[in-house]
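Have a look at input33.cif; it's mmCIF, C-alpha atoms:
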data_coords
#
loop_
_atom_site.group_PDB
_atom_site.id
_atom_site.type_symbol
_atom_site.label_atom_id
_atom_site.label_comp_id
_atom_site.auth_asym_id
_atom_site.auth_seq_id
_atom_site.Cartn_x
_atom_site.Cartn_y
_atom_site.Cartn_z
ATOM 1 C CA MET P 1 133.378 124.554 121.740
ATOM 2 C CA VAL P 2 129.736 125.508 121.376
ATOM 3 C CA HIS P 3 127.241 122.861 122.434
ATOM 4 C CA ARG P 4 123.911 123.011 120.661
ATOM 5 C CA ALA P 5 120.782 122.122 122.562
ATOM 6 C CA ARG P 6 119.554 118.653 121.711
ATOM 7 C CA HIS P 7 116.274 120.069 120.374
ATOM 8 C CA ASP P 8 118.177 121.972 117.646
ATOM 9 C CA TYR P 9 118.670 118.636 115.901
ATOM 10 C CA ILE P 10 116.081 116.195 114.599
ATOM 11 C CA SER P 11 116.327 112.621 113.391
ATOM 12 C CA VAL P 12 116.057 111.545 109.774
ATOM 13 C CA SER P 13 112.578 110.182 110.533
ATOM 14 C CA GLU P 14 111.469 113.468 112.107
ATOM 15 C CA ALA P 15 112.800 115.401 109.115
ATOM 16 C CA ALA P 16 110.960 113.017 106.788
ATOM 17 C CA ASP P 17 107.712 113.567 108.687
ATOM 18 C CA TYR P 18 108.162 117.345 108.549
ATOM 19 C CA LEU P 19 108.950 117.281 104.820
ATOM 20 C CA ALA P 20 106.171 114.735 104.087
ATOM 21 C CA VAL P 21 108.555 112.288 102.423
ATOM 22 C CA SER P 22 110.095 108.973 103.406
ATOM 23 C CA ALA P 23 113.261 108.647 105.461
ATOM 24 C CA ALA P 24 114.889 107.112 102.375
ATOM 25 C CA VAL P 25 114.238 110.332 100.421
ATOM 26 C CA VAL P 26 115.815 112.402 103.205
ATOM 27 C CA ARG P 27 118.868 110.123 103.135
ATOM 28 C CA ARG P 28 119.104 110.548 99.341
ATOM 29 C CA TRP P 29 118.940 114.340 99.753
ATOM 30 C CA VAL P 30 121.744 114.153 102.314
ATOM 31 C CA LYS P 31 123.827 111.953 100.007
ATOM 32 C CA ALA P 32 123.167 114.312 97.088
ATOM 33 C CA GLY P 33 124.203 117.317 99.194
ATOM 34 C CA ARG P 34 120.779 118.950 99.256
ATOM 35 C CA LEU P 35 120.568 118.642 103.057
ATOM 36 C CA ARG P 36 123.426 118.570 105.554
ATOM 37 C CA ALA P 37 123.610 115.837 108.160
ATOM 38 C CA HIS P 38 125.567 116.073 111.380
ATOM 39 C CA ARG P 39 126.922 113.304 113.599
ATOM 40 C CA VAL P 40 125.704 114.072 117.111
ATOM 41 C CA ALA P 41 127.501 111.963 119.728
ATOM 42 C CA ARG P 42 125.504 108.857 120.610
ATOM 43 C CA LEU P 43 122.446 110.036 118.715
ATOM 44 C CA GLY P 44 124.007 109.215 115.357
ATOM 45 C CA ILE P 45 123.067 111.249 112.315
ATOM 46 C CA ARG P 46 120.853 114.275 112.880
ATOM 47 C CA LEU P 47 119.754 117.281 110.847
ATOM 48 C CA ARG P 48 119.543 120.821 112.144
ATOM 49 C CA ARG P 49 115.898 121.721 112.566
ATOM 50 C CA ALA P 50 116.446 125.223 111.130
ATOM 51 C CA GLU P 51 118.084 123.784 108.001
ATOM 52 C CA VAL P 52 115.183 121.374 107.448
ATOM 53 C CA VAL P 53 112.664 124.202 107.874
ATOM 54 C CA ALA P 54 114.619 126.403 105.428
ATOM 55 C CA PHE P 55 114.819 123.517 102.943
ATOM 56 C CA ALA P 56 111.043 122.971 103.200
ATOM 57 C CA GLN P 57 110.457 126.683 102.603
ATOM 58 C CA HIS P 58 112.743 126.537 99.550
ATOM 59 C CA LEU P 59 110.827 123.546 98.174
ATOM 60 C CA ARG P 60 107.500 125.329 98.646
ATOM 61 C CA ALA P 61 108.748 128.628 97.194
ATOM 62 C CA THR P 62 110.197 127.032 94.065
ATOM 63 C CA GLY P 63 107.479 124.433 93.592
ATOM 64 C CA ASP P 64 110.278 121.866 93.513
ATOM 65 C CA MET P 65 109.241 118.655 95.203
ATOM 66 C CA GLY P 66 112.935 118.024 95.764
ATOM 67 C CA LEU P 67 112.769 114.461 94.537
ATOM 68 C CA HIS P 68 115.371 114.985 91.804
ATOM 69 C CA THR P 69 118.599 113.794 93.376
ATOM 70 C CA GLU P 70 120.585 112.950 90.245
ATOM 71 C CA PRO P 71 123.952 114.701 90.124
ATOM 72 C CA ALA P 72 124.019 117.825 87.955
ATOM 73 C CA ASP P 73 126.651 116.291 85.676
ATOM 74 C CA GLY P 74 124.116 113.695 84.523
ATOM 75 C CA ALA P 75 125.941 110.725 86.071
ATOM 76 C CA GLY P 76 122.966 108.731 87.233
ATOM 77 C CA ILE P 77 122.477 105.326 88.740
ATOM 78 C CA TRP P 78 123.281 103.630 85.420
ATOM 79 C CA ALA P 79 126.452 105.608 84.690
ATOM 80 C CA GLY P 80 129.265 103.228 83.804
ATOM 81 C CA TYR P 81 127.023 100.169 83.592
ATOM 82 C CA ASP P 82 127.122 97.807 80.666
ATOM 83 C CA PRO P 83 123.508 97.565 79.393
ATOM 84 C CA GLU P 84 124.001 93.983 78.253
ATOM 85 C CA ALA P 85 125.327 92.933 81.666
ATOM 86 C CA VAL P 86 122.362 94.607 83.360
ATOM 87 C CA ARG P 87 119.922 92.913 80.977
ATOM 88 C CA ALA P 88 121.562 89.505 81.620
ATOM 89 C CA ALA P 89 121.430 89.999 85.403
ATOM 90 C CA LEU P 90 117.741 90.908 85.222
ATOM 91 C CA GLN P 91 117.024 87.792 83.159
ATOM 92 C CA ARG P 92 118.905 85.596 85.664
ATOM 93 C CA SER P 93 116.905 87.023 88.566
ATOM 94 C CA ALA P 94 113.512 86.701 86.853
ATOM 95 C CA GLY P 95 111.180 84.543 88.877
ATOM 96 C CA THR P 96 113.249 84.793 92.054
ATOM 97 C CA LEU P 97 110.251 85.969 94.083
ATOM 98 C CA VAL P 98 107.795 83.398 92.750
ATOM 99 C CA GLY P 99 106.002 81.809 95.693
ATOM 100 C CA VAL P 100 106.986 84.538 98.164
ATOM 101 C CA ASN P 101 104.098 85.878 100.236
ATOM 102 C CA PRO P 102 103.917 89.637 99.389
ATOM 103 C CA GLU P 103 102.607 90.642 102.836
ATOM 104 C CA THR P 104 105.433 88.789 104.569
ATOM 105 C CA LEU P 105 108.005 90.321 102.222
ATOM 106 C CA ILE P 106 106.689 93.861 102.825
ATOM 107 C CA ARG P 107 106.613 93.296 106.603
ATOM 108 C CA ASP P 108 110.194 91.982 106.565
ATOM 109 C CA ILE P 109 111.404 94.939 104.491
ATOM 110 C CA HIS P 110 109.663 97.378 106.834
ATOM 111 C CA GLU P 111 111.217 95.713 109.899
ATOM 112 C CA ALA P 112 114.678 95.800 108.310
ATOM 113 C CA ARG P 113 114.301 99.515 107.521
ATOM 114 C CA THR P 114 113.094 100.272 111.032
ATOM 115 C CA GLN P 115 116.073 98.450 112.513
ATOM 116 C CA GLY P 116 118.393 100.216 110.082
ATOM 117 C CA GLU P 117 117.163 103.641 111.184
ATOM 118 C CA SER P 118 117.864 102.875 114.836
ATOM 119 C CA GLU P 119 121.468 101.905 114.088
ATOM 120 C CA SER P 120 124.108 104.561 113.542
ATOM 121 C CA PRO P 121 125.369 104.870 109.956
ATOM 122 C CA ARG P 122 128.826 103.563 109.133
#
Representation of the structure as structure tokens:
Amino acid sequence: MVHRARHDYISVSEAADYLAVSAAVVRRWVKAGRLRAHRVARLGIRLRRAEVVAFAQHLRATGDMGLHTEPADGAGIWAGYDPEAVRAALQRSAGTLVGVNPETLIRDIHEARTQGESESPR
């Protein structure tokens, strides 16, 4: 078995910094198959540095910002959804955030994301 040096792999956050996107975008690219992720022992999910560099070069060469992660077959986030059910759910949730302090909400979301990145994916 070949053991790669730890520095051959970078975290999702490091890849995001290198690619100048958010960690969420990197995760979407992984899920869409545009980037490969590897499970590295106790470190959790990592990306090969060389693959991230090659992906960045591809994005620059093609002018593609890489943000299009919809499947090629056109099945998007709304595939299979009933528009009326979605509309009804949106109406039921209207006003849910009334009275919520926006700064507190943003801080809480940021903290939850930070904690989520430190945990290994399931």
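Each of P:Arg92, P:Arg36, P:His58, P:Arg113 was checked against Tyr9 (chain P) using all atoms listed in the file; the smallest atom-to-atom distance is that of P:Arg36.
Taking CA of Ala50 (chain P) and CA of Asp8 (chain P) as endpoints, the distance between them is 7.5 Å.
Here CA of Val53 (chain P) is placed at a distance of 8.9 Å from CA of Ala15 (chain P).
The protein and nucleic acid residues lying at most 7 Å from Arg46 (chain P) are Tyr9, Ile10, Ser11, Val12, Ala37, His38, Arg39 and Val40 of chain P, with all atoms listed in the file considered and sequence neighbours fewer than 6 positions away removed.
Going from CA of Ser22 (chain P) to CA of Thr114 (chain P) covers 12.0 Å.
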Mind rebuilding region 95-114 of chain P with N, CA and C atoms and writing that out as a PDB file, in the coordinates of the input?
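Output contents, as saved in part.pdb:
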ATOM      1  N   GLY P  95     111.838  85.651  88.209  1.00  0.00           N
ATOM      2  CA  GLY P  95     111.180  84.543  88.877  1.00  0.00           C
ATOM      3  C   GLY P  95     111.692  84.256  90.281  1.00  0.00           C
ATOM      4  N   THR P  96     112.656  85.028  90.739  1.00  0.00           N
ATOM      5  CA  THR P  96     113.249  84.793  92.054  1.00  0.00           C
ATOM      6  C   THR P  96     112.207  84.879  93.168  1.00  0.00           C
ATOM      7  N   LEU P  97     111.230  85.762  93.022  1.00  0.00           N
ATOM      8  CA  LEU P  97     110.251  85.969  94.083  1.00  0.00           C
ATOM      9  C   LEU P  97     108.975  85.150  93.905  1.00  0.00           C
ATOM     10  N   VAL P  98     108.969  84.246  92.952  1.00  0.00           N
ATOM     11  CA  VAL P  98     107.795  83.398  92.750  1.00  0.00           C
ATOM     12  C   VAL P  98     107.573  82.574  94.012  1.00  0.00           C
ATOM     13  N   GLY P  99     106.338  82.583  94.510  1.00  0.00           N
ATOM     14  CA  GLY P  99     106.002  81.809  95.693  1.00  0.00           C
ATOM     15  C   GLY P  99     106.232  82.545  97.002  1.00  0.00           C
ATOM     16  N   VAL P 100     106.762  83.756  96.948  1.00  0.00           N
ATOM     17  CA  VAL P 100     106.986  84.538  98.164  1.00  0.00           C
ATOM     18  C   VAL P 100     105.690  85.260  98.512  1.00  0.00           C
ATOM     19  N   ASN P 101     105.299  85.200  99.772  1.00  0.00           N
ATOM     20  CA  ASN P 101     104.098  85.878 100.236  1.00  0.00           C
ATOM     21  C   ASN P 101     104.372  87.385 100.270  1.00  0.00           C
ATOM     22  N   PRO P 102     103.646  88.191  99.470  1.00  0.00           N
ATOM     23  CA  PRO P 102     103.917  89.637  99.389  1.00  0.00           C
ATOM     24  C   PRO P 102     103.782  90.351 100.735  1.00  0.00           C
ATOM     25  N   GLU P 103     102.792  89.984 101.541  1.00  0.00           N
ATOM     26  CA  GLU P 103     102.607  90.642 102.836  1.00  0.00           C
ATOM     27  C   GLU P 103     103.790  90.373 103.755  1.00  0.00           C
ATOM     28  N   THR P 104     104.274  89.140 103.745  1.00  0.00           N
ATOM     29  CA  THR P 104     105.433  88.789 104.569  1.00  0.00           C
ATOM     30  C   THR P 104     106.669  89.533 104.091  1.00  0.00           C
ATOM     31  N   LEU P 105     106.858  89.612 102.785  1.00  0.00           N
ATOM     32  CA  LEU P 105     108.005  90.321 102.222  1.00  0.00           C
ATOM     33  C   LEU P 105     107.972  91.792 102.619  1.00  0.00           C
ATOM     34  N   ILE P 106     106.825  92.442 102.483  1.00  0.00           N
ATOM     35  CA  ILE P 106     106.689  93.861 102.825  1.00  0.00           C
ATOM     36  C   ILE P 106     106.943  94.069 104.315  1.00  0.00           C
ATOM     37  N   ARG P 107     106.399  93.186 105.159  1.00  0.00           N
ATOM     38  CA  ARG P 107     106.613  93.296 106.603  1.00  0.00           C
ATOM     39  C   ARG P 107     108.102  93.166 106.932  1.00  0.00           C
ATOM     40  N   ASP P 108     108.765  92.192 106.318  1.00  0.00           N
ATOM     41  CA  ASP P 108     110.194  91.982 106.565  1.00  0.00           C
ATOM     42  C   ASP P 108     111.024  93.183 106.122  1.00  0.00           C
ATOM     43  N   ILE P 109     110.690  93.756 104.971  1.00  0.00           N
ATOM     44  CA  ILE P 109     111.404  94.939 104.491  1.00  0.00           C
ATOM     45  C   ILE P 109     111.200  96.101 105.459  1.00  0.00           C
ATOM     46  N   HIS P 110     109.960  96.291 105.894  1.00  0.00           N
ATOM     47  CA  HIS P 110     109.663  97.378 106.834  1.00  0.00           C
ATOM     48  C   HIS P 110     110.441  97.193 108.139  1.00  0.00           C
ATOM     49  N   GLU P 111     110.482  95.976 108.662  1.00  0.00           N
ATOM     50  CA  GLU P 111     111.217  95.713 109.899  1.00  0.00           C
ATOM     51  C   GLU P 111     112.708  95.977 109.713  1.00  0.00           C
ATOM     52  N   ALA P 112     113.254  95.576 108.576  1.00  0.00           N
ATOM     53  CA  ALA P 112     114.678  95.800 108.310  1.00  0.00           C
ATOM     54  C   ALA P 112     114.983  97.291 108.233  1.00  0.00           C
ATOM     55  N   ARG P 113     114.095  98.058 107.603  1.00  0.00           N
ATOM     56  CA  ARG P 113     114.301  99.515 107.521  1.00  0.00           C
ATOM     57  C   ARG P 113     114.210 100.152 108.888  1.00  0.00           C
ATOM     58  N   THR P 114     113.260  99.720 109.692  1.00  0.00           N
ATOM     59  CA  THR P 114     113.094 100.272 111.032  1.00  0.00           C
ATOM     60  C   THR P 114     114.328  99.994 111.867  1.00  0.00           C
TER      61      THR P 114
END
